[in-house]
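Student: Got a file for you: structure-v5.cif, mmCIF, C-alpha atoms.
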data_start
#
loop_
_atom_site.label_atom_id
_atom_site.label_comp_id
_atom_site.auth_asym_id
_atom_site.auth_seq_id
_atom_site.Cartn_x
_atom_site.Cartn_y
_atom_site.Cartn_z
CA MET A 1 40.23 71.95 -20.72
CA ASP A 2 41.86 74.75 -22.71
CA ASN A 3 42.19 78.04 -20.81
CA LYS A 4 40.12 79.72 -23.54
CA PHE A 5 37.12 77.96 -22.01
CA TYR A 6 37.66 79.67 -18.65
CA ILE A 7 38.48 83.02 -20.25
CA ASN A 8 35.20 82.84 -22.18
CA ASN A 9 33.26 81.89 -19.03
CA ARG A 10 34.57 84.97 -17.25
CA LYS A 11 33.74 87.16 -20.25
CA GLN A 12 30.19 85.84 -20.23
CA LEU A 13 29.89 86.57 -16.52
CA PHE A 14 31.20 90.10 -17.08
CA SER A 15 28.41 90.61 -19.62
CA LEU A 16 25.82 89.74 -16.97
CA LEU A 17 27.24 92.02 -14.29
CA PRO A 18 26.06 95.64 -13.92
CA ASP A 19 28.47 98.53 -14.32
CA LYS A 20 30.68 99.72 -11.45
CA CYS A 21 30.89 96.50 -9.46
CA ILE A 22 33.22 93.73 -8.45
CA ALA A 23 32.67 89.99 -8.07
CA VAL A 24 34.73 88.02 -5.56
CA LEU A 25 34.93 84.21 -5.60
CA SER A 26 37.14 81.65 -3.89
CA SER A 27 38.15 78.04 -4.37
CA GLY A 28 37.45 77.53 -0.65
CA TYR A 29 39.43 76.23 2.29
CA THR A 30 40.55 72.90 3.66
CA VAL A 31 38.51 71.66 6.64
CA ASN A 32 40.11 69.86 9.57
CA ARG A 33 38.78 66.37 10.21
CA SER A 34 40.67 65.44 13.37
CA ALA A 35 44.12 66.03 14.85
CA ASP A 36 46.45 66.65 11.90
CA GLU A 37 44.12 65.17 9.25
CA ASP A 38 41.97 67.25 6.89
CA PHE A 39 38.96 66.25 4.81
CA ASP A 40 39.70 65.82 1.11
CA PHE A 41 39.52 69.24 -0.51
CA SER A 42 37.04 69.98 -3.28
CA ALA A 43 37.07 73.39 -4.95
CA ASN A 44 33.93 75.50 -5.14
CA ASN A 45 32.46 74.54 -8.51
CA ASN A 46 31.47 78.08 -9.52
CA PHE A 47 35.05 79.21 -8.92
CA PHE A 48 36.35 76.17 -10.82
CA TYR A 49 34.00 76.93 -13.74
CA LEU A 50 35.55 80.39 -14.03
CA THR A 51 39.20 79.42 -13.51
CA GLY A 52 39.84 75.68 -13.83
CA ILE A 53 41.87 75.86 -10.60
CA SER A 54 41.18 73.21 -7.97
CA GLN A 55 43.69 74.23 -5.29
CA ALA A 56 42.56 75.53 -1.90
CA ASP A 57 42.94 79.17 -0.83
CA VAL A 58 42.83 80.77 -4.25
CA HIS A 59 40.65 83.86 -4.81
CA ILE A 60 39.62 85.89 -7.84
CA ILE A 61 38.29 89.45 -8.05
CA LEU A 62 36.52 90.51 -11.26
CA ILE A 63 36.13 94.25 -11.82
CA LYS A 64 33.63 95.85 -14.21
CA ASP A 65 33.98 99.57 -14.79
CA GLY A 66 32.28 100.77 -17.96
CA ASN A 67 33.69 98.80 -20.87
CA ASN A 68 36.82 97.98 -18.89
CA PHE A 69 36.94 94.45 -17.53
CA SER A 70 39.84 93.52 -15.30
CA GLU A 71 40.66 90.69 -12.94
CA ARG A 72 42.98 89.74 -10.12
CA LEU A 73 43.88 86.19 -9.12
CA TYR A 74 45.44 85.51 -5.71
CA ILE A 75 47.49 82.37 -5.06
CA GLU A 76 49.76 81.21 -2.26
CA GLU A 77 53.46 81.80 -2.67
CA TYR A 78 55.72 78.78 -3.05
CA ASP A 79 56.49 77.21 0.35
CA GLU A 80 59.46 74.83 0.36
CA HIS A 81 58.45 73.24 3.67
CA TYR A 82 54.89 72.65 2.45
CA ALA A 83 56.17 71.24 -0.84
CA LYS A 84 58.30 68.67 1.02
CA TRP A 85 55.56 67.57 3.40
CA ILE A 86 52.32 67.96 1.42
CA GLY A 87 53.01 68.75 -2.21
CA HIS A 88 53.43 71.36 -4.91
CA LYS A 89 51.29 74.49 -5.14
CA ILE A 90 50.68 76.24 -8.44
CA THR A 91 53.01 79.00 -9.56
CA LYS A 92 51.99 82.19 -11.31
CA GLU A 93 53.08 80.68 -14.63
CA GLU A 94 51.00 77.53 -14.03
CA ALA A 95 47.97 79.54 -12.94
CA ASN A 96 48.25 81.63 -16.11
CA GLU A 97 48.41 78.47 -18.22
CA ILE A 98 45.37 76.93 -16.50
CA CYS A 99 42.95 79.84 -16.40
CA GLY A 100 44.32 82.51 -18.75
CA VAL A 101 44.56 85.33 -16.21
CA SER A 102 47.54 87.48 -17.20
CA ILE A 103 50.65 86.93 -15.07
CA ASP A 104 50.62 90.70 -14.38
CA ASP A 105 47.18 90.22 -12.78
CA ILE A 106 48.19 87.29 -10.58
CA ARG A 107 49.11 88.26 -7.02
CA TYR A 108 50.12 86.41 -3.89
CA ILE A 109 47.50 85.85 -1.22
CA THR A 110 49.35 88.20 1.15
CA GLN A 111 48.20 91.09 -1.08
CA TYR A 112 44.57 90.00 -1.20
CA GLU A 113 43.09 91.71 1.88
CA ASP A 114 44.67 95.11 1.21
CA GLU A 115 43.64 95.11 -2.44
CA LEU A 116 40.12 93.91 -1.58
CA LYS A 117 39.76 96.88 0.81
CA GLU A 118 40.73 99.27 -1.98
CA PHE A 119 38.29 97.69 -4.43
CA THR A 120 35.39 97.72 -1.95
CA LYS A 121 36.02 101.40 -1.23
CA LYS A 122 35.87 102.25 -4.94
CA TYR A 123 33.03 99.88 -5.88
CA LYS A 124 30.10 99.72 -3.47
CA LYS A 125 28.27 96.95 -5.33
CA VAL A 126 29.93 93.59 -4.50
CA PHE A 127 28.85 90.27 -5.99
CA LEU A 128 29.56 87.17 -3.89
CA ASP A 129 28.67 83.50 -4.17
CA LEU A 130 25.85 83.29 -1.61
CA GLU A 131 24.83 79.69 -2.21
CA LYS A 132 22.91 78.43 0.83
CA GLY A 133 23.66 75.00 2.24
CA ARG A 134 21.01 72.62 3.58
CA ASN A 135 22.47 72.85 7.09
CA THR A 136 21.45 75.95 9.06
CA ASN A 137 25.06 76.19 10.33
CA TYR A 138 26.43 76.20 6.77
CA ASN A 139 29.08 78.80 6.08
CA SER A 140 31.26 79.60 3.09
CA PHE A 141 33.77 82.11 1.82
CA GLY A 142 30.99 84.16 0.20
CA LEU A 143 28.66 84.15 3.19
CA SER A 144 31.48 85.09 5.58
CA LEU A 145 32.70 87.91 3.36
CA ALA A 146 29.14 89.21 3.01
CA GLU A 147 28.97 89.60 6.80
CA GLN A 148 32.21 91.57 6.77
CA LEU A 149 31.20 93.93 3.96
CA LYS A 150 27.45 94.41 4.41
CA GLU A 151 27.72 97.62 6.47
CA ASN A 152 29.59 99.58 3.80
CA ASN A 153 28.72 97.77 0.58
CA GLU A 154 25.68 96.58 -1.35
CA ILE A 155 25.95 92.78 -1.34
CA CYS A 156 24.63 90.98 -4.43
CA ASP A 157 24.50 87.29 -5.31
CA VAL A 158 26.64 86.08 -8.22
CA TYR A 159 25.48 82.48 -7.71
CA PRO A 160 22.40 82.59 -10.02
CA LEU A 161 24.45 84.29 -12.76
CA VAL A 162 27.13 81.58 -12.80
CA ILE A 163 24.51 78.84 -12.57
CA LYS A 164 22.79 80.29 -15.63
CA LEU A 165 26.07 80.00 -17.56
CA ARG A 166 26.66 76.43 -16.36
CA ALA A 167 23.27 75.17 -17.61
CA ALA A 168 24.32 74.68 -21.26
CA LYS A 169 27.37 72.45 -21.60
CA HIS A 170 30.16 73.20 -24.05
CA GLU A 171 31.81 70.62 -26.28
CA GLY A 172 34.71 70.02 -23.88
CA GLU A 173 32.37 69.60 -20.93
CA ILE A 174 30.25 67.06 -22.82
CA ALA A 175 33.39 65.11 -23.73
CA LEU A 176 34.39 64.88 -20.06
CA ILE A 177 30.88 63.76 -19.03
CA GLN A 178 31.03 61.12 -21.76
CA GLU A 179 34.41 59.96 -20.50
CA ALA A 180 33.01 59.61 -16.98
CA ILE A 181 30.04 57.63 -18.32
CA ASP A 182 32.25 55.32 -20.38
CA VAL A 183 34.37 54.42 -17.36
CA THR A 184 31.21 53.97 -15.27
CA LYS A 185 30.02 51.43 -17.86
CA ILE A 186 33.11 49.31 -17.20
CA GLY A 187 32.37 49.42 -13.48
CA VAL A 188 28.71 48.45 -13.94
CA GLU A 189 29.69 45.44 -16.03
CA GLU A 190 32.14 44.35 -13.32
CA LEU A 191 29.28 44.46 -10.82
CA MET A 192 27.04 42.27 -12.99
CA ARG A 193 29.94 39.93 -13.72
CA ASN A 194 30.78 39.34 -10.03
CA ALA A 195 27.39 39.47 -8.27
CA LYS A 196 26.31 36.38 -6.34
CA PRO A 197 24.17 35.63 -3.29
CA GLY A 198 26.01 35.54 0.04
CA MET A 199 28.19 38.58 -0.60
CA TYR A 200 27.86 41.82 1.31
CA GLU A 201 26.85 44.88 -0.66
CA TYR A 202 30.17 46.58 0.04
CA GLN A 203 32.07 43.52 -1.22
CA LEU A 204 30.32 43.77 -4.57
CA GLU A 205 30.78 47.54 -4.60
CA ALA A 206 34.54 46.99 -4.35
CA TYR A 207 34.59 45.59 -7.90
CA TYR A 208 33.18 48.87 -9.16
CA ASN A 209 35.67 50.92 -7.15
CA PHE A 210 38.59 48.93 -8.53
CA ALA A 211 37.33 49.18 -12.11
CA ILE A 212 37.01 52.96 -11.93
CA LYS A 213 40.50 53.51 -10.56
CA GLN A 214 42.11 50.79 -12.64
CA ASN A 215 40.77 52.53 -15.75
CA GLY A 216 42.32 55.86 -14.92
CA ASN A 217 39.61 57.71 -12.97
CA ARG A 218 40.55 58.39 -9.36
CA ALA A 219 37.47 60.36 -8.37
CA PHE A 220 33.84 59.35 -7.87
CA ALA A 221 30.92 61.66 -8.60
CA PHE A 222 29.22 60.79 -5.29
CA LYS A 223 28.97 58.10 -2.63
CA THR A 224 27.82 54.88 -4.30
CA ILE A 225 24.40 53.43 -3.48
CA ALA A 226 24.53 49.61 -3.40
CA ALA A 227 21.05 48.66 -2.18
CA SER A 228 19.84 45.06 -2.26
CA GLY A 229 16.35 43.78 -1.44
CA ILE A 230 14.29 46.11 0.71
CA ASN A 231 17.23 48.51 1.05
CA ALA A 232 16.55 49.63 -2.52
CA THR A 233 13.21 51.12 -1.41
CA THR A 234 15.16 53.77 0.56
CA LEU A 235 16.06 56.42 -2.00
CA HIS A 236 19.47 57.44 -0.65
CA TYR A 237 20.49 54.27 1.18
CA SER A 238 24.28 54.22 1.26
CA THR A 239 25.50 52.15 4.21
CA ASN A 240 26.04 49.27 1.77
CA ASP A 241 26.54 46.72 4.54
CA SER A 242 23.74 44.14 4.11
CA LEU A 243 24.14 40.51 3.07
CA MET A 244 22.77 39.99 -0.45
CA GLN A 245 20.09 37.32 -0.60
CA ASP A 246 19.32 34.83 -3.35
CA GLY A 247 16.29 36.03 -5.32
CA ASP A 248 16.73 39.72 -4.50
CA LEU A 249 17.52 42.60 -6.84
CA ILE A 250 20.31 45.09 -6.20
CA LEU A 251 20.06 48.74 -7.19
CA PHE A 252 23.29 50.57 -7.92
CA ASP A 253 23.32 54.37 -8.21
CA LEU A 254 26.87 55.43 -9.07
CA GLY A 255 29.12 57.50 -11.26
CA ALA A 256 32.74 58.25 -12.06
CA ARG A 257 34.14 61.77 -12.38
CA ALA A 258 36.40 62.99 -15.19
CA GLY A 259 38.10 66.39 -15.16
CA GLY A 260 35.66 67.47 -12.46
CA TYR A 261 32.57 66.42 -14.45
CA CYS A 262 30.15 63.74 -13.26
CA ALA A 263 28.38 60.66 -14.56
CA ASP A 264 25.21 59.60 -12.75
CA ILE A 265 23.95 56.13 -13.64
CA SER A 266 21.51 53.72 -12.00
CA ARG A 267 21.11 50.08 -12.90
CA THR A 268 19.11 47.37 -11.15
CA PHE A 269 19.75 43.66 -11.68
CA PRO A 270 19.09 40.29 -10.01
CA ILE A 271 21.84 39.14 -7.67
CA ASN A 272 21.49 35.56 -8.93
CA GLY A 273 21.29 36.66 -12.58
CA LYS A 274 17.59 35.88 -13.16
CA PHE A 275 14.55 38.14 -12.72
CA SER A 276 11.41 36.70 -11.14
CA ASP A 277 8.13 37.33 -12.98
CA LEU A 278 7.10 40.11 -10.57
CA GLN A 279 10.55 41.71 -10.69
CA LYS A 280 10.46 41.62 -14.47
CA THR A 281 7.00 43.20 -14.59
CA ILE A 282 7.96 46.11 -12.34
CA TYR A 283 11.33 46.51 -14.04
CA ASN A 284 9.75 46.84 -17.48
CA ILE A 285 7.29 49.47 -16.24
CA VAL A 286 10.26 51.55 -15.07
CA LEU A 287 12.15 50.84 -18.30
CA ASP A 288 9.18 51.99 -20.40
CA ALA A 289 9.11 55.29 -18.49
CA ASN A 290 12.87 55.66 -18.97
CA LYS A 291 12.49 55.12 -22.72
CA LYS A 292 9.54 57.52 -22.90
CA ILE A 293 11.65 60.34 -21.47
CA ILE A 294 14.43 59.63 -24.00
CA GLU A 295 11.80 59.73 -26.75
CA VAL A 296 10.25 63.09 -25.81
CA ALA A 297 12.99 65.08 -24.04
CA LYS A 298 14.42 68.08 -25.87
CA ALA A 299 15.65 71.60 -25.26
CA GLY A 300 12.82 73.99 -24.40
CA MET A 301 11.09 71.56 -22.07
CA SER A 302 11.40 71.91 -18.30
CA LEU A 303 12.19 69.31 -15.65
CA ALA A 304 8.59 69.73 -14.49
CA ASP A 305 7.35 68.81 -17.98
CA LEU A 306 9.41 65.62 -17.96
CA GLN A 307 8.22 64.72 -14.47
CA ALA A 308 4.57 64.89 -15.55
CA ILE A 309 5.27 62.56 -18.49
CA CYS A 310 7.13 60.13 -16.25
CA VAL A 311 4.37 60.00 -13.65
CA GLU A 312 1.78 59.33 -16.36
CA SER A 313 3.86 56.47 -17.80
CA LEU A 314 4.52 54.83 -14.43
CA THR A 315 0.88 55.22 -13.38
CA ASP A 316 -0.47 53.64 -16.56
CA GLY A 317 1.98 50.76 -16.28
CA CYS A 318 1.18 50.04 -12.64
CA ILE A 319 -2.59 50.14 -13.23
CA LYS A 320 -2.35 47.79 -16.23
CA ALA A 321 -0.22 45.37 -14.18
CA GLY A 322 -2.66 45.44 -11.26
CA LEU A 323 -0.09 46.92 -8.89
CA ILE A 324 -2.33 49.91 -8.10
CA LYS A 325 -6.01 50.63 -8.70
CA GLU A 326 -6.16 54.43 -8.65
CA ALA A 327 -3.78 56.96 -10.19
CA GLU A 328 -3.27 58.70 -6.84
CA GLU A 329 -1.63 55.55 -5.46
CA ILE A 330 1.45 56.06 -7.60
CA LYS A 331 2.70 58.64 -5.06
CA LYS A 332 3.26 55.82 -2.60
CA TYR A 333 5.63 53.98 -4.94
CA TYR A 334 7.27 56.83 -6.87
CA PHE A 335 8.31 59.85 -4.85
CA HIS A 336 11.20 61.64 -6.54
CA GLY A 337 11.90 63.64 -9.69
CA VAL A 338 12.75 61.98 -12.97
CA SER A 339 15.50 64.43 -13.92
CA HIS A 340 18.12 66.80 -12.66
CA SER A 341 20.89 68.71 -14.37
CA LEU A 342 24.33 67.08 -14.51
CA GLY A 343 27.77 68.64 -14.75
CA LEU A 344 30.39 69.73 -12.24
CA ASP A 345 27.85 68.80 -9.57
CA THR A 346 25.99 65.52 -9.69
CA HIS A 347 22.89 67.62 -9.06
CA ASP A 348 23.93 70.67 -11.06
CA PRO A 349 21.78 73.57 -9.82
CA ILE A 350 18.93 74.50 -12.14
CA THR A 351 15.35 75.81 -11.89
CA LYS A 352 12.84 73.01 -12.42
CA THR A 353 10.25 75.17 -14.17
CA GLU A 354 12.54 77.02 -16.63
CA PRO A 355 13.03 75.77 -20.20
CA LEU A 356 16.13 73.63 -20.56
CA PRO A 357 18.71 75.11 -22.97
CA ILE A 358 20.32 73.43 -25.95
CA GLY A 359 23.37 71.63 -24.57
CA ALA A 360 21.86 70.84 -21.18
CA VAL A 361 22.81 67.43 -19.80
CA ILE A 362 20.16 65.88 -17.58
CA THR A 363 19.44 62.54 -15.95
CA ASP A 364 16.52 60.27 -16.81
CA GLU A 365 15.79 58.19 -13.72
CA PRO A 366 12.26 56.85 -13.16
CA GLY A 367 11.83 54.37 -10.32
CA LEU A 368 9.33 52.22 -8.45
CA TYR A 369 9.69 51.13 -4.83
CA PHE A 370 7.57 48.36 -3.33
CA PRO A 371 8.76 47.52 0.22
CA GLU A 372 6.01 44.88 0.55
CA TYR A 373 7.75 42.91 -2.22
CA ASN A 374 11.37 43.80 -1.25
CA ILE A 375 11.65 45.47 -4.66
CA GLY A 376 13.18 48.84 -5.46
CA ILE A 377 14.05 49.60 -9.09
CA ARG A 378 15.60 52.69 -10.66
CA ILE A 379 17.01 52.94 -14.18
CA GLU A 380 19.02 56.08 -14.88
CA ASP A 381 20.63 57.37 -18.06
CA ASP A 382 22.34 60.68 -18.86
CA LEU A 383 20.88 62.69 -21.75
CA LEU A 384 22.26 65.54 -23.85
CA LEU A 385 19.46 67.82 -25.04
CA THR A 386 19.37 69.23 -28.54
CA GLU A 387 16.77 71.37 -30.29
CA SER A 388 15.20 68.29 -31.85
CA GLY A 389 15.57 65.66 -29.14
CA ALA A 390 17.79 63.87 -26.67
CA ILE A 391 21.04 61.95 -27.16
CA ASN A 392 21.45 59.13 -24.65
CA LEU A 393 25.11 59.40 -23.61
CA SER A 394 24.84 56.16 -21.61
CA LYS A 395 23.06 54.03 -24.20
CA ALA A 396 25.96 51.54 -24.22
CA ILE A 397 25.22 50.48 -20.62
CA ILE A 398 22.86 47.52 -20.91
CA LYS A 399 19.41 47.71 -19.33
CA GLU A 400 17.07 45.32 -21.19
CA VAL A 401 15.99 42.30 -19.13
CA ASP A 402 17.20 39.77 -21.72
CA ASP A 403 20.53 41.56 -22.14
CA ILE A 404 21.15 41.64 -18.39
CA GLU A 405 20.28 37.98 -17.89
CA SER A 406 22.38 36.96 -20.90
CA PHE A 407 25.37 38.99 -19.70
CA MET A 408 25.18 37.64 -16.16
CA ALA A 409 24.82 34.04 -17.41
CA LYS A 410 28.29 34.29 -18.96
CA LYS A 411 30.15 35.06 -15.74
#
Just give me the structure as structure tokens.
Tutor:
Amino acid sequence: MDNKFYINNRKQLFSLLPDKCIAVLSSGYTVNRSADEDFDFSANNNFFYLTGISQADVHIILIKDGNNFSERLYIEEYDEHYAKWIGHKITKEEANEICGVSIDDIRYITQYEDELKEFTKKYKKVFLDLEKGRNTNYNSFGLSLAEQLKENNEICDVYPLVIKLRAAKHEGEIALIQEAIDVTKIGVEELMRNAKPGMYEYQLEAYYNFAIKQNGNRAFAFKTIAASGINATTLHYSTNDSLMQDGDLILFDLGARAGGYCADISRTFPINGKFSDLQKTIYNIVLDANKKIIEVAKAGMSLADLQAICVESLTDGCIKAGLIKEAEEIKKYYFHGVSHSLGLDTHDPITKTEPLPIGAVITDEPGLYFPEYNIGIRIEDDLLLTESGAINLSKAIIKEVDDIESFMAKK
């Protein structure tokens, strides 16, 4: 991504900030796993959106004072020992090229604490990324810094401001999402091509993993769900360790990542290559709902609007097929949302009741889950919203019953 993208993102954030304040964000820190091994590092996505830098221990301070906008970026100084053992860290020149912060405004991390003290003395209003994790013990750079500064400064949350900017995707972001989807397509076809009864779920999953990396994408958007038979009725099943049985379906929820941006695709297909009559009936009800969302979705609608349309479609289909008798019963077999925002996060943060902007990328993922029949089906596409409708970015990934059976018959 060109550094003009990140420069523009910071300018837009400046426009949302009040006068006489600073905003402080960080890429985050590495976390120790055990002994001398760390967990893989992943930069804070709000920081990445503003800078394009994915290295640990990098901070940025944005200062707004009247019409004067200034910024300071703090990186680690070159360490020869670290470079020999672990790898290269970005230089001032490289940081300037990536994010567009002037070299004169790039400092070493050793200067960060002293300069932060000076800024917080001058500017009492401090914006921090106060995103809350699901775990009550969750901590972050922003939350920790808030505790340090709250006695002498007014702490404000920059998180909703950055999230607002991230909702509408720019041309470069859409291109990266499309790249991730295109590689995911190759992986999905490898799964269909190699599926057969008697394999373990993780053995089949390995074909997808190889396809993604072999085609130039090292990163995955999230942990793959490979759920066969009754496992597919558990929404976030991910142990992927069951033996696949003849006559069962397998549900894959997966996605590659390109340049930090995610694909999120679900496809369900018969392990032996042939749908049973009941499987086909339920599958087509889900497929009809999936197509309905593609037909009606557009900018200005909310995720809640799309959910209501999806529920109506699934309910009508299940009643007509004799799978349920009353509309209320659908809650037993469909219990999640049809859409979420997609971008740097697989579940890009967004408010479900607010109108979706032009350029939003969302998922379209209706599902039905019948444990009594060992059937769980979800079909998920990724949609780009325009003023007049939706563009299905994943339309090339097959999902019609006849197309799936024909493709799998060729293996």
Student: Selection in question (the file shown): the PyMOL selection byres ((chain A and resi 369) around 9). Which residues does it include, as a list of chain:residue names?
Tutor: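 So the PyMOL selection byres ((chain A and resi 369) around 9) ends up selecting A:Ile230, A:Ala232, A:Thr233, A:Thr234, A:Leu235, A:Lys332, A:Tyr333, A:Tyr334, A:Phe335, A:Gly367, A:Leu368, A:Phe370, A:Pro371, A:Tyr373, A:Asn374, A:Ile375, A:Gly376, A:Ile377, A:Arg378.
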Student: Put those residues in a file: C-alpha atoms, as a JSON list (two decimals), in the frame of the given file.
Tutor:
[["chain", "number", "residue", "atom", "x", "y", "z"],
["A", 230, "ILE", "CA", 14.29, 46.11, 0.71],
["A", 232, "ALA", "CA", 16.55, 49.63, -2.52],
["A", 233, "THR", "CA", 13.21, 51.12, -1.41],
["A", 234, "THR", "CA", 15.16, 53.77, 0.56],
["A", 235, "LEU", "CA", 16.06, 56.42, -2.00],
["A", 332, "LYS", "CA", 3.26, 55.82, -2.60],
["A", 333, "TYR", "CA", 5.63, 53.98, -4.94],
["A", 334, "TYR", "CA", 7.27, 56.83, -6.87],
["A", 335, "PHE", "CA", 8.31, 59.85, -4.85],
["A", 367, "GLY", "CA", 11.83, 54.37, -10.32],
["A", 368, "LEU", "CA", 9.33, 52.22, -8.45],
["A", 370, "PHE", "CA", 7.57, 48.36, -3.33],
["A", 371, "PRO", "CA", 8.76, 47.52, 0.22],
["A", 373, "TYR", "CA", 7.75, 42.91, -2.22],
["A", 374, "ASN", "CA", 11.37, 43.80, -1.25],
["A", 375, "ILE", "CA", 11.65, 45.47, -4.66],
["A", 376, "GLY", "CA", 13.18, 48.84, -5.46],
["A", 377, "ILE", "CA", 14.05, 49.60, -9.09],
["A", 378, "ARG", "CA", 15.60, 52.69, -10.66]]
Student: Using all atoms listed in the file, which residues of region 133-177 of chain A come within 8 Å of region 341-345 of chain A, and what is the closest atom pair for each, with the distance in Å to one decimal? Give it as a tab-separated table, sorted by chain and residue number.
Tutor:
residue	atom	partner	partner_atom	distance
A:Ala167	CA	A:Ser341	CA	7.6
A:Lys169	CA	A:Gly343	CA	7.8
A:Glu173	CA	A:Gly343	CA	7.8
A:Ile177	CA	A:Gly343	CA	7.2
Student: Might you spell out which residues the PyMOL selection byres ((chain A and resi 292-306) around 9) would select in the displayed file, as a PyMOL selection string?
Tutor: chain A and resi 287-291+307-311+313+337-341+351-360+362+364+381+383-392
Student: Could those selected residues go to a file with C-alpha atoms, as a PDB file, in the coordinates of the input?
Tutor:
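Listing of result-v4.pdb after writing:
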ATOM      1  CA  LEU A 287      12.150  50.840 -18.300  1.00  0.00           C
ATOM      2  CA  ASP A 288       9.180  51.990 -20.400  1.00  0.00           C
ATOM      3  CA  ALA A 289       9.110  55.290 -18.490  1.00  0.00           C
ATOM      4  CA  ASN A 290      12.870  55.660 -18.970  1.00  0.00           C
ATOM      5  CA  LYS A 291      12.490  55.120 -22.720  1.00  0.00           C
ATOM      6  CA  GLN A 307       8.220  64.720 -14.470  1.00  0.00           C
ATOM      7  CA  ALA A 308       4.570  64.890 -15.550  1.00  0.00           C
ATOM      8  CA  ILE A 309       5.270  62.560 -18.490  1.00  0.00           C
ATOM      9  CA  CYS A 310       7.130  60.130 -16.250  1.00  0.00           C
ATOM     10  CA  VAL A 311       4.370  60.000 -13.650  1.00  0.00           C
ATOM     11  CA  SER A 313       3.860  56.470 -17.800  1.00  0.00           C
ATOM     12  CA  GLY A 337      11.900  63.640  -9.690  1.00  0.00           C
ATOM     13  CA  VAL A 338      12.750  61.980 -12.970  1.00  0.00           C
ATOM     14  CA  SER A 339      15.500  64.430 -13.920  1.00  0.00           C
ATOM     15  CA  HIS A 340      18.120  66.800 -12.660  1.00  0.00           C
ATOM     16  CA  SER A 341      20.890  68.710 -14.370  1.00  0.00           C
ATOM     17  CA  THR A 351      15.350  75.810 -11.890  1.00  0.00           C
ATOM     18  CA  LYS A 352      12.840  73.010 -12.420  1.00  0.00           C
ATOM     19  CA  THR A 353      10.250  75.170 -14.170  1.00  0.00           C
ATOM     20  CA  GLU A 354      12.540  77.020 -16.630  1.00  0.00           C
ATOM     21  CA  PRO A 355      13.030  75.770 -20.200  1.00  0.00           C
ATOM     22  CA  LEU A 356      16.130  73.630 -20.560  1.00  0.00           C
ATOM     23  CA  PRO A 357      18.710  75.110 -22.970  1.00  0.00           C
ATOM     24  CA  ILE A 358      20.320  73.430 -25.950  1.00  0.00           C
ATOM     25  CA  GLY A 359      23.370  71.630 -24.570  1.00  0.00           C
ATOM     26  CA  ALA A 360      21.860  70.840 -21.180  1.00  0.00           C
ATOM     27  CA  ILE A 362      20.160  65.880 -17.580  1.00  0.00           C
ATOM     28  CA  ASP A 364      16.520  60.270 -16.810  1.00  0.00           C
ATOM     29  CA  ASP A 381      20.630  57.370 -18.060  1.00  0.00           C
ATOM     30  CA  LEU A 383      20.880  62.690 -21.750  1.00  0.00           C
ATOM     31  CA  LEU A 384      22.260  65.540 -23.850  1.00  0.00           C
ATOM     32  CA  LEU A 385      19.460  67.820 -25.040  1.00  0.00           C
ATOM     33  CA  THR A 386      19.370  69.230 -28.540  1.00  0.00           C
ATOM     34  CA  GLU A 387      16.770  71.370 -30.290  1.00  0.00           C
ATOM     35  CA  SER A 388      15.200  68.290 -31.850  1.00  0.00           C
ATOM     36  CA  GLY A 389      15.570  65.660 -29.140  1.00  0.00           C
ATOM     37  CA  ALA A 390      17.790  63.870 -26.670  1.00  0.00           C
ATOM     38  CA  ILE A 391      21.040  61.950 -27.160  1.00  0.00           C
ATOM     39  CA  ASN A 392      21.450  59.130 -24.650  1.00  0.00           C
TER      40      ASN A 392
END
Student: Could you please determine the separation between CA of Ile285 (chain A) and CA of Leu314 (chain A) in Å, to one decimal place?
Tutor: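 Rounded to one decimal, the two atoms are 6.3 Å apart.
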Student: If I take CA of Ile103 (chain A) and CA of Glu118 (chain A), how far is one from the other in Å, to one decimal?
Tutor: 20.5 Å
Student: Which residues are close to region 76-84 of chain A, i.e. within 8 Å by only C-alpha atoms, leaving aside same-chain residues fewer than 6 positions away? Reply as a list of chain:residue names.
Tutor: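 Non-adjacent residues within range: A:Asp57, A:Val58, A:Ile90, A:Thr91, A:Tyr108, A:Ile109, A:Thr110.
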Student: Kindly list the centre and edge lengths in Å, rounded to one decimal, for the axis-aligned box that covers all listed atoms of region 151-156 of chain A plus 5 Å on each of its six sides, as JSON.
Tutor:
{"center_x": 27.1, "center_y": 95.3, "center_z": 1.0, "size_x": 15.0, "size_y": 18.6, "size_z": 20.9}
Student: Report, in Å to a single decimal, how far apart CA of Leu50 (chain A) and CA of Tyr6 (chain A) are.
Tutor: 5.1 Å
Student: Need the shell around Ile63 (chain A): protein/DNA/RNA residues with any atom at most 8 Å away, counting only C-alpha atoms. Skip same-chain ones fewer than 4 positions apart. Format as a short mmCIF file (atom, residue, chain, number, x, y, z; two decimals) with C-alpha atoms, in the frame of the given file?
Tutor:
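Resulting contents of out_34.cif:
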data_model
loop_
_atom_site.label_atom_id
_atom_site.label_comp_id
_atom_site.auth_asym_id
_atom_site.auth_seq_id
_atom_site.Cartn_x
_atom_site.Cartn_y
_atom_site.Cartn_z
CA LYS A 20 30.68 99.72 -11.45
CA CYS A 21 30.89 96.50 -9.46
CA ILE A 22 33.22 93.73 -8.45
CA ALA A 23 32.67 89.99 -8.07
CA PHE A 69 36.94 94.45 -17.53
CA SER A 70 39.84 93.52 -15.30
CA GLU A 71 40.66 90.69 -12.94
#
Student: Report the residues retrieved by the PyMOL selection byres ((chain A and resi 251) around 12) from the displayed file, expressed as a ChimeraX atom specification.
Tutor: /A:188,191-192,195,201,204-205,224-238,240,244,248-250,252-254,265-271,283,367-369,374-380
Student: Here is a test: counting only C-alpha atoms, which residue of A:Lys196, A:Arg218, A:Lys399, A:His347 is nearest to Val286 (chain A)?
Tutor: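 For Val286 (chain A), the nearest of the candidates is A:Lys399.
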